[in-house]
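Q: Supplied in structure tokens, the structure appears directly below.
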Amino acid sequence: MKEALCSWSGGKDSCFALMQAIQPGHTSKVLLNVLNEEGRISRSHGIPAAILQAQAAAAGLPIHLISSSWDEYEQHFTAALTKLKEEYQLTHAVFGDIDLQPHRDWEEKVCAKAGLTAVLPLWQQNRKALVMQMLEAGIETIIVSCNEVMGERFIGRLITPALVDELEAMGIDACGENGEYHTLVLDCPLFSKRINVAVTEKIQHGNYWFAKTELQ
């Protein structure tokens with residue numbers, strides 16, 4: 001049996017990666033997420049800690065939250081992997097990356113430092129096909145950040161086949177793998193109950209839009 005942690009963003013890719021990893025025999029023990037320096041929202045997706053904790057509770061898993069700047073990200077992430085490996089007797093770490101080789105290289109590097117094996121269940125799969133598989137598998141997810149090309153009108157929208165077609169018509173990658181947008185999972189087969197979240201504000205930082213979200 002392979003005891004694994006999941007690098008959990010709160011979005012669709014890490015969620016589906018965990019769903020896929022569990023099937024071949026990995027047992028999920030703990031989720032790991034990196035928050036910003038203030039420890040309030042996730043570093044990449046801008047999701048509040050309380051929502052990440054609600055997701056973990058719905059999945060019946062503990063979540064380990066750490067705070068970090070981008071400059072110290074690798075140091076803190078590696079330290080967290082090492083700590084969790086000992087605490088939960090882990091052998092593997094699950095990541096949701098699809099085909100960006102530098103991301104995979106980094107994940108394999110930090111896992112090697114911590115004595116873990118990186119697992120990427122979505123690797124090299126067709127991006128649009130993956131999104132459709134996620135929806136068919138029962139993942140309900142909304143957009144919580146996106147670039148200026150998409151704009152604020154996409155913030156808070158539910159990912160559907162029609163929305164994927166709309167994005168592709170705009171030249172946006174179906175999966176947002178290049179960072180065009182990030183998502184928040186409200187429900188999935190891993191959850192015992194749906195997470196109810198409201199978008200209370202849309203905020204622009206530089207050339208990116210973010211949703212201010214809170215639990216309902």
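A note on labels: chains of the structure tokens are A, B, ... as shown, every chain counts residues from 1, and ligands are counted from 1 in their shown order.
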So that I can see what lies close to range 40-48 of chain A, please list as a PyMOL selection string the residues with an atom at most 8 Å from it, counting only C-alpha atoms and leaving out residues fewer than 2 positions away in the same chain.
A: chain A and resi 9-11+33-38+50-52+68+144-145+182-184+210-214
Q: Using only C-alpha atoms, which residues sit within 10 Å of Arg153 in chain A once same-chain residues fewer than 5 positions away are excluded, as a list in words?
A: Cys146, Lys202 and Trp209 of chain A
Q: Using only C-alpha atoms, determine which residues lie at most 9 Å from Pro161 in chain A, disregarding the query and same-chain residues fewer than 3 positions distant; provide the list as a VMD selection string.
A: chain A and resid 131 to 132 135 164 to 166
Q: Would you write out those residues with N, CA and C atoms, as a PDB file, in the first residue's frame?
A:
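Done, and the output landed in part_2.pdb:
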```
ATOM      1  N   VAL A 131     -10.563  17.961 -18.813  1.00  0.00           N
ATOM      2  CA  VAL A 131     -11.632  18.791 -18.229  1.00  0.00           C
ATOM      3  C   VAL A 131     -12.972  18.081 -18.345  1.00  0.00           C
ATOM      4  N   MET A 132     -13.228  17.503 -19.498  1.00  0.00           N
ATOM      5  CA  MET A 132     -14.493  16.794 -19.696  1.00  0.00           C
ATOM      6  C   MET A 132     -14.600  15.584 -18.765  1.00  0.00           C
ATOM      7  N   LEU A 135     -15.565  16.801 -15.285  1.00  0.00           N
ATOM      8  CA  LEU A 135     -16.987  17.127 -15.180  1.00  0.00           C
ATOM      9  C   LEU A 135     -17.830  15.857 -15.146  1.00  0.00           C
ATOM     10  N   VAL A 164     -16.123  25.708 -21.477  1.00  0.00           N
ATOM     11  CA  VAL A 164     -14.860  25.247 -22.063  1.00  0.00           C
ATOM     12  C   VAL A 164     -14.800  25.624 -23.540  1.00  0.00           C
ATOM     13  N   ASP A 165     -15.888  25.431 -24.263  1.00  0.00           N
ATOM     14  CA  ASP A 165     -15.947  25.818 -25.680  1.00  0.00           C
ATOM     15  C   ASP A 165     -15.754  27.328 -25.832  1.00  0.00           C
ATOM     16  N   GLU A 166     -16.368  28.082 -24.928  1.00  0.00           N
ATOM     17  CA  GLU A 166     -16.252  29.544 -24.964  1.00  0.00           C
ATOM     18  C   GLU A 166     -14.798  29.974 -24.759  1.00  0.00           C
TER      19      GLU A 166
END
```
Q: Using DSSP assignments from the backbone, pull out every residue in range 26-152 of chain A that falls under strand (DSSP E or B) and give it to me as a ChimeraX atom specification.
A: /A:26-35,41-42,48,63-67,92-94,117-119,140-147
Q: Tell me, which residues of range 21-143 of chain A carry DSSP alpha helix (DSSP H), written as a PyMOL selection string?
A: chain A and resi 21-22+49-59+73-88+101-114+127-136
Q: One decimal, Å: what's the distance from CA of Leu18 in chain A over to CA of Cys6 in chain A, could you say?
A: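 Rounded to one decimal, the two atoms are 6.6 Å apart.
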Q: Excluding Ser192 in chain A and its own-chain neighbours fewer than 6 positions away, which residues fall within 9 Å of it when counting only C-alpha atoms? Please give them as a ChimeraX atom specification.
A: /A:57-60
Q: For N, CA and C atoms, I'd like the residues from the last selection saved as an mmCIF file, in the first residue's frame.
A:
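Saved as result-v3.cif:
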```cif
data_model
loop_
_atom_site.group_PDB
_atom_site.id
_atom_site.type_symbol
_atom_site.label_atom_id
_atom_site.label_comp_id
_atom_site.auth_asym_id
_atom_site.auth_seq_id
_atom_site.Cartn_x
_atom_site.Cartn_y
_atom_site.Cartn_z
ATOM 1 N N ALA A 57 -12.199 18.778 5.365
ATOM 2 C CA ALA A 57 -13.171 18.139 6.259
ATOM 3 C C ALA A 57 -14.171 17.318 5.458
ATOM 4 N N ALA A 58 -14.617 17.854 4.321
ATOM 5 C CA ALA A 58 -15.571 17.140 3.469
ATOM 6 C C ALA A 58 -14.933 15.884 2.877
ATOM 7 N N ALA A 59 -13.613 15.938 2.660
ATOM 8 C CA ALA A 59 -12.890 14.779 2.121
ATOM 9 C C ALA A 59 -12.463 13.804 3.222
ATOM 10 N N GLY A 60 -12.677 14.198 4.475
ATOM 11 C CA GLY A 60 -12.303 13.337 5.595
ATOM 12 C C GLY A 60 -10.802 13.212 5.776
#
```
Q: Using only C-alpha atoms, determine which residues lie at most 9 Å from Glu107 in chain A, disregarding the query and same-chain residues fewer than 3 positions distant; provide the list as a ChimeraX atom specification.
A: /A:93,95,102-104,110-112,118
Q: I need the residue nearest Ser28 in chain A from this list: A:Gln101, A:Asn126, A:Gln75, A:Thr91. Use only C-alpha atoms for the distance.
A: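 Distance minimum relative to Ser28 in chain A lands on A:Thr91.
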Q: Pick the closest to Tyr88 in chain A from A:Met150, A:Ala4, A:Leu120, A:Ile159: which is it, counting only C-alpha atoms?
A: A:Ala4
